[in-house]
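Novice: Have a look at this one before I ask anything.
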Amino acid sequence: GNAASIAPDVLTRKGAAIYLDVRLQNDIRPEVPLPDGELRALQGTYWSPQTDEVVRLEFKDGALRSVGGSTVLVPVGGGVFRDGESTREWSFEAAGPKMRLSVVDFWPTARLFERIDSPNTGSDSLQTMAGVYRSDDTQTDYRVRLVGGKLEMQWPRYAPAALTPVGTDRFLSPQGWTVGFTRNGKGVVDGLTISTRRLRRFRAERIDAAPAAST
């Protein structure tokens, strides 16, 4: 009858899709609710020395989530959370006064993060980072200015990007890039690095005269 008119490969694909969906549902760990206070205690900014990636977490609408994100981190027990309705897992562990985070997702290995303290965002500190930085590899100049008490970075073909402070000498761009400033042995800013999902610590050297670091 009608079944004979359905190609075998179509049936195979449908069967595989059903199997994978059931398997995924079975792999997703059930929620183990936590008090709001315990969820709030995990808020903050986390940085990976391994990848230079920055993750910011907030407690919003009764759940832990990435700042500005819609996907909820669901507690599944033992300090472990799943990323929405997926098998990706975020694991928190207190290490003395510090909080550490391990993320297992589509990367081949776990990414390790540590919670970082609030940055020093005083104008004097930010002014030492304003300047011109050049990448010899790409012959690109990056111009950093202090505008309205905040740092702004501009480079060819892009609009100025406001930099959000996320740690000592470390900032986040609107694109989610990590922008870090480096200092020489005298504490003077001598360069910057840019990290993205595909690029790690791409460096540009300072080419203008840097103001002396405040003591």
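Just remember, in the structure tokens the first chain shown is A, the second B, etc., residues are 1-based per chain, and ligands are 1-based in the order shown.
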Would you mind listing what lies within 10 Å of range 167-174 of chain A as number ranges by chain, with only C-alpha atoms counted and same-chain residues fewer than 2 positions away left out?
Specialist: A: 45-47, 52-55, 115-121, 125-126, 129, 151-153, 161-165, 176-183, 189, 192-195
Novice: DSSP on the backbone: what in range 2-215 of chain A comes out strand (DSSP E), as a ChimeraX atom specification?
Specialist: /A:44-47,54-60,63-66,72-77,80-83,89-95,98-104,111-116,131-135,140-147,150-154,161-162,164-167,170-172,178-183,189-195,202-206
Novice: Rounded to one decimal place, report the CA of Val144 in chain A-CA of Gln127 in chain A distance in Å.
Specialist: 9.5 Å
Novice: Which residue out of A:Asp61, A:Glu89, A:Asp105, A:Asp136 has the minimum interatomic distance to Val74 in chain A when only C-alpha atoms are used?
Specialist: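 When distances to Val74 in chain A are compared using only C-alpha atoms, the smallest one comes from A:Glu89.
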